[in-house]
>>> print(open('upload_24.txt').read())   # compact mmCIF, C-alpha atoms
# COMPACT_ATOMS: atom_id res chain seq x y z
CA MET A 4 0.00 0.00 0.00
CA VAL A 5 1.41 3.38 -1.00
CA ALA A 6 1.62 5.84 1.86
CA ASP A 7 -0.02 9.22 1.47
CA PRO A 8 2.47 12.04 0.83
CA PRO A 9 3.15 14.26 3.83
CA PRO A 10 0.99 17.38 3.94
CA SER A 11 2.66 20.44 2.48
CA ALA A 12 3.61 23.25 4.80
CA PRO A 13 1.13 26.16 4.81
CA LEU A 14 1.94 29.27 2.85
CA ARG A 15 3.62 31.90 5.00
CA LEU A 16 2.23 35.42 4.50
CA VAL A 17 3.79 38.54 6.02
CA LEU A 18 1.80 41.76 5.65
CA LEU A 19 3.71 44.96 6.30
CA ASP A 20 2.49 48.45 6.97
CA CYS A 21 4.20 51.06 4.78
CA ASP A 22 4.68 54.48 6.44
CA GLY A 23 6.66 54.11 9.64
CA THR A 24 7.51 50.49 8.86
CA ILE A 25 9.05 50.32 5.39
CA VAL A 26 9.60 54.02 4.70
CA ASP A 27 9.82 57.10 6.86
CA GLY A 28 6.90 59.10 5.55
CA GLN A 29 6.36 61.17 8.65
CA ALA A 30 7.54 64.53 7.35
CA ALA A 31 5.04 64.64 4.50
CA ALA A 32 2.15 63.18 6.52
CA VAL A 33 2.62 65.50 9.52
CA GLY A 34 3.28 68.56 7.36
CA ALA A 35 0.23 67.93 5.19
CA MET A 36 -2.06 67.45 8.19
CA ALA A 37 -0.80 70.64 9.81
CA ALA A 38 -1.37 72.50 6.54
CA ALA A 39 -4.90 71.11 6.25
CA LEU A 40 -5.82 72.35 9.72
CA GLY A 41 -4.18 75.68 8.99
CA HIS A 42 -6.35 75.91 5.88
CA LEU A 43 -9.32 76.10 8.27
CA GLY A 44 -7.59 78.66 10.46
CA LEU A 45 -6.94 76.10 13.18
CA PRO A 46 -3.60 75.82 15.00
CA ALA A 47 -1.52 72.76 14.23
CA PRO A 48 -1.74 70.16 17.01
CA ALA A 49 1.38 69.15 18.88
CA GLU A 50 3.59 66.80 16.88
CA MET A 51 2.87 64.03 19.38
CA ALA A 52 -0.85 64.32 18.64
CA LEU A 53 -0.17 64.16 14.91
CA ARG A 54 2.10 61.13 15.29
CA ALA A 55 -0.53 59.37 17.37
CA VAL A 56 -3.03 59.19 14.49
CA ILE A 57 -0.60 58.19 11.73
CA GLY A 58 -1.57 54.77 10.45
CA LEU A 59 -5.29 55.46 10.40
CA PRO A 60 -7.05 56.32 7.12
CA PRO A 61 -6.80 60.09 6.41
CA ALA A 62 -10.51 60.65 7.07
CA GLU A 63 -10.20 59.04 10.51
CA GLN A 64 -7.04 61.06 11.26
CA MET A 65 -8.95 64.23 10.42
CA ALA A 66 -11.94 63.21 12.54
CA ARG A 67 -9.71 62.75 15.59
CA LEU A 68 -7.87 66.05 15.15
CA LEU A 69 -10.71 68.41 14.22
CA PRO A 70 -13.10 69.92 16.79
CA ALA A 71 -16.15 67.74 17.36
CA ASP A 72 -18.56 70.52 16.35
CA ILE A 73 -16.90 71.42 13.04
CA ASP A 74 -19.10 71.85 9.98
CA PRO A 75 -19.03 68.69 7.79
CA ALA A 76 -18.31 70.76 4.68
CA ALA A 77 -15.28 72.33 6.37
CA ALA A 78 -14.07 68.90 7.44
CA ALA A 79 -14.39 67.64 3.86
CA ALA A 80 -12.46 70.67 2.58
CA ALA A 81 -9.69 70.02 5.11
CA LEU A 82 -9.45 66.39 4.03
CA ALA A 83 -9.19 67.38 0.37
CA HIS A 84 -6.51 69.94 1.26
CA TYR A 85 -4.59 67.28 3.18
CA ARG A 86 -4.62 64.88 0.25
CA SER A 87 -3.49 67.45 -2.31
CA THR A 88 -0.79 68.81 0.01
CA PHE A 89 0.47 65.33 0.83
CA GLN A 90 0.76 64.45 -2.87
CA SER A 91 2.65 67.69 -3.53
CA MET A 92 5.02 67.21 -0.59
CA SER A 93 5.62 63.59 -1.53
CA ARG A 94 6.87 64.68 -4.94
CA ASP A 95 9.39 67.07 -3.36
CA PRO A 96 12.85 65.41 -3.35
CA ALA A 97 13.59 67.14 -0.05
CA LEU A 98 10.65 65.26 1.51
CA ALA A 99 11.07 61.93 -0.28
CA GLU A 100 10.15 58.91 1.81
CA PRO A 101 13.44 57.19 2.59
CA LEU A 102 13.68 53.47 3.30
CA TYR A 103 14.61 52.66 6.85
CA PRO A 104 18.22 51.41 7.01
CA GLY A 105 18.41 47.67 6.41
CA MET A 106 14.84 47.37 5.10
CA ARG A 107 15.72 46.50 1.52
CA LYS A 108 18.02 43.66 2.56
CA ALA A 109 15.44 42.33 5.04
CA LEU A 110 12.73 42.24 2.36
CA GLU A 111 15.06 40.48 -0.06
CA ARG A 112 15.91 37.81 2.53
CA ILE A 113 12.26 37.24 3.44
CA ALA A 114 11.13 36.96 -0.18
CA ALA A 115 14.07 34.68 -1.08
CA ALA A 116 12.97 32.24 1.65
CA GLY A 117 9.63 31.73 -0.10
CA VAL A 118 7.59 33.87 2.28
CA LEU A 119 4.77 35.78 0.56
CA LEU A 120 4.92 39.52 1.18
CA GLY A 121 2.03 41.95 1.10
CA ILE A 122 1.20 45.46 2.26
CA VAL A 123 -1.69 46.66 4.42
CA THR A 124 -1.60 50.44 4.69
CA GLY A 125 -3.59 53.56 5.35
CA LYS A 126 -2.00 55.15 2.27
CA GLY A 127 -4.03 55.53 -0.88
CA ARG A 128 -3.19 53.10 -3.69
CA ARG A 129 -1.75 55.79 -5.96
CA SER A 130 0.57 57.00 -3.22
CA LEU A 131 1.61 53.45 -2.30
CA LEU A 132 2.43 52.52 -5.90
CA ALA A 133 4.52 55.67 -6.26
CA THR A 134 6.46 54.84 -3.09
CA LEU A 135 7.15 51.27 -4.16
CA ALA A 136 8.19 52.37 -7.65
CA HIS A 137 10.50 55.06 -6.26
CA HIS A 138 12.39 52.44 -4.24
CA ASP A 139 12.05 49.64 -6.84
CA LEU A 140 10.23 47.34 -4.39
CA GLU A 141 7.14 46.31 -6.37
CA ARG A 142 8.51 42.88 -7.28
CA HIS A 143 8.67 41.78 -3.64
CA PHE A 144 4.93 42.11 -2.93
CA VAL A 145 2.24 39.76 -4.18
CA THR A 146 -0.76 41.59 -2.71
CA LEU A 147 -1.42 45.24 -1.87
CA HIS A 148 -4.26 46.55 0.29
CA THR A 149 -4.86 50.25 0.89
CA ALA A 150 -7.27 52.74 2.40
CA ASP A 151 -9.00 52.90 -1.00
CA ASP A 152 -10.18 49.29 -0.73
CA GLY A 153 -12.64 49.55 2.15
CA PRO A 154 -12.56 49.67 5.95
CA GLY A 155 -9.17 50.76 7.28
CA LYS A 156 -7.27 49.86 10.42
CA PRO A 157 -7.97 48.53 12.98
CA ALA A 158 -10.72 46.63 11.11
CA PRO A 159 -9.51 43.19 9.94
CA ASP A 160 -10.76 43.55 6.36
CA MET A 161 -7.42 44.24 4.63
CA VAL A 162 -5.79 41.24 6.31
CA GLN A 163 -8.70 38.98 5.51
CA ARG A 164 -8.66 40.00 1.83
CA ALA A 165 -4.91 39.36 1.66
CA ILE A 166 -5.38 35.88 3.14
CA CYS A 167 -8.17 35.14 0.65
CA ARG A 168 -6.18 36.34 -2.36
CA THR A 169 -2.99 34.44 -1.51
CA GLY A 170 -4.46 31.18 -0.23
CA ALA A 171 -2.72 31.50 3.13
CA ASP A 172 -4.45 30.96 6.45
CA ALA A 173 -4.59 33.00 9.63
CA GLY A 174 -2.24 30.74 11.56
CA SER A 175 0.54 31.28 9.02
CA THR A 176 -0.04 35.02 8.54
CA MET A 177 1.70 37.90 10.28
CA VAL A 178 1.16 41.67 10.35
CA VAL A 179 4.23 43.85 10.89
CA GLY A 180 3.62 47.48 11.79
CA ASP A 181 4.66 50.47 13.83
CA THR A 182 1.36 51.62 15.32
CA ILE A 183 -1.16 50.21 17.74
CA PHE A 184 -3.68 50.26 14.89
CA ASP A 185 -1.56 47.68 13.04
CA ILE A 186 -1.46 45.49 16.13
CA GLN A 187 -5.19 45.85 16.72
CA MET A 188 -5.89 44.98 13.08
CA ALA A 189 -3.79 41.83 13.40
CA LEU A 190 -5.56 40.76 16.59
CA ASN A 191 -8.96 41.46 15.05
CA ALA A 192 -7.99 39.23 12.11
CA ARG A 193 -6.60 36.55 14.51
CA VAL A 194 -3.12 36.57 12.96
CA HIS A 195 0.35 37.06 14.42
CA ALA A 196 1.20 40.65 15.39
CA VAL A 197 4.75 42.05 15.33
CA GLY A 198 5.63 45.64 16.15
CA VAL A 199 8.63 47.67 14.99
CA ALA A 200 10.41 50.12 17.24
CA TRP A 201 11.58 52.58 14.57
CA GLY A 202 8.17 53.99 13.61
CA TYR A 203 5.56 56.34 15.02
CA HIS A 204 4.32 54.64 18.19
CA PRO A 205 6.61 53.65 21.08
CA ALA A 206 7.53 50.01 21.55
CA LEU A 207 5.85 49.87 24.96
CA ALA A 208 2.53 50.97 23.45
CA LEU A 209 2.83 48.26 20.78
CA LYS A 210 3.57 45.63 23.40
CA ARG A 211 0.61 46.74 25.52
CA ALA A 212 -1.61 46.59 22.43
CA GLY A 213 -0.76 42.92 22.04
CA ALA A 214 2.33 42.63 19.84
CA GLU A 215 3.97 39.21 20.23
CA ARG A 216 7.42 40.56 19.36
CA ILE A 217 9.05 43.94 18.84
CA ALA A 218 11.74 44.25 16.17
CA THR A 219 14.30 46.93 17.05
CA MET A 220 15.79 47.01 13.52
CA PRO A 221 14.74 45.64 10.11
CA ALA A 222 17.53 43.04 10.19
CA GLU A 223 15.66 41.25 13.02
CA LEU A 224 12.51 40.63 10.96
CA PRO A 225 13.71 37.46 9.13
CA ARG A 226 14.57 35.78 12.45
CA ILE A 227 11.25 36.76 14.04
CA ILE A 228 9.34 35.46 11.02
CA HIS A 229 11.26 32.19 11.15
CA GLU A 230 10.42 31.78 14.85
CA LEU A 231 6.73 32.64 14.61
CA LEU A 232 5.96 31.19 11.17
CA PRO A 233 8.06 28.03 10.80
CA GLY A 234 8.09 26.74 7.23
CA ASP A 235 8.87 23.55 5.38
CA ARG A 236 12.17 21.89 6.34
CA ASP A 237 13.30 22.14 2.71
CA ALA A 238 12.49 25.84 2.37
CA PRO A 239 15.42 28.28 2.23
CA ARG A 240 16.33 29.54 5.68
CA LEU A 241 15.57 33.07 6.68
>>> encode(input="upload_24.txt", output="structure tokens")
Amino acid sequence: MVADPPPSAPLRLVLLDCDGTIVDGQAAAVGAMAAALGHLGLPAPAEMALRAVIGLPPAEQMARLLPADIDPAAAAAALAHYRSTFQSMSRDPALAEPLYPGMRKALERIAAAGVLLGIVTGKGRRSLLATLAHHDLERHFVTLHTADDGPGKPAPDMVQRAICRTGADAGSTMVVGDTIFDIQMALNARVHAVGVAWGYHPALALKRAGAERIATMPAELPRIIHELLPGDRDAPRL
């Protein structure tokens, strides 16, 4: 009697946030939000308050920063001003979104080991594609999910769509991000949650939100993935 072949190892899927995780997009995001509030004659919030909402969809960022009694039309105008200003600032070489040191090499190692890579971000799709093209990173990612696609963080929808499109499962999927909204999204989707210490929210806040691990530099990500998402014995090592 011929024995059944051993079951294949599940696909490993790692979903990364973009701003604050892959690239440092803070200058453009914070500057554009301050300009949008200034457009309404409102003072710019403290930088800490601006940093605290980065990672949410722009409309949700605006809702948290504007006065509760603001006219809806004024809020819509501020959001439109934010988007146009952000696009303009992002095209300025002086405000280009640099890769965090070591990120390119980490992505190459992860992809070379057969791990599927995707992005789950609050950026719009046009902005994300421009960022990836600028750094020549498109080839590493098999699935992209943005604020244009539906409910943003911390809802689980982006993660669930990524799992559906790639054929992975929750137990072999990980979200890597720099804000508590990334961690909350991962927990809501019942996948592994890993925080990064070089982004917009402090490591302690990520840990308290439920992150299983905190990477202190991009070079640590392959090891963490290997430990949390073990693959087939014959797969290339991370």
>>> residues_around(input="upload_24.txt", residues="Asp20 of chain A", least_positions_apart="2", cutoff="6 Å", atoms="only C-alpha atoms", output="count of residues only")
5
>>> atom_distance(input="upload_24.txt", atom1="atom CA of Arg107 of chain A", atom2="atom CA of Ser93 of chain A")
20.1 Å
>>> closest_residue(input="upload_24.txt", among="A:Ile186, A:Leu40, A:Met65, A:Leu140", to="Ala212 of chain A", atoms="all atoms listed in the file")
A:Ile186
>>> closest_residue(input="upload_24.txt", among="A:His84, A:Leu14, A:Ile73, A:Ala158", to="Leu120 of chain A", atoms="only C-alpha atoms")
A:Leu14
>>> closest_residue(input="upload_24.txt", among="A:Gly121, A:Phe184, A:Asp151, A:Ile228", to="Ile166 of chain A", atoms="all atoms listed in the file")
A:Gly121
>>> closest_residue(input="upload_24.txt", among="A:Pro159, A:Gly117, A:Pro104, A:Gly58", to="Asn191 of chain A", atoms="only C-alpha atoms")
A:Pro159
>>> atom_distance(input="upload_24.txt", atom1="atom CA of Ala31 of chain A", atom2="atom CA of Ala189 of chain A")
26.0 Å
>>> closest_residue(input="upload_24.txt", among="A:Ala136, A:Ile183, A:Cys167, A:Leu16", to="Val56 of chain A", atoms="all atoms listed in the file")
A:Ile183
>>> atom_distance(input="upload_24.txt", atom1="atom CA of Glu141 of chain A", atom2="atom CA of Ser87 of chain A")
24.0 Å
>>> residues_around(input="upload_24.txt", residues="Met106 of chain A", least_positions_apart="2", cutoff="10 Å", atoms="only C-alpha atoms", output="list of chain:residue names")
A:Thr24, A:Ile25, A:Val26, A:Leu102, A:Tyr103, A:Pro104, A:Lys108, A:Ala109, A:Leu110, A:Glu111, A:Arg112, A:Met220, A:Pro221, A:Ala222, A:Leu224
>>> axis_aligned_box(input="upload_24.txt", around="segment 191-202 of chain A", padding_each_side="4 Å", output="lines of an AutoDock Vina configuration file")
center_x = 1.3
center_y = 45.3
center_z = 14.7
size_x = 28.5
size_y = 25.4
size_z = 13.1
>>> residues_around(input="upload_24.txt", residues="Ala218 of chain A", least_positions_apart="6", cutoff="10 Å", atoms="only C-alpha atoms", output="list of chain:residue names")
A:Val179, A:Gly180, A:Asp181, A:Val197, A:Gly198, A:Val199, A:Ala200, A:Trp201, A:Ala206, A:Leu224, A:Pro225, A:Arg226, A:Ile227
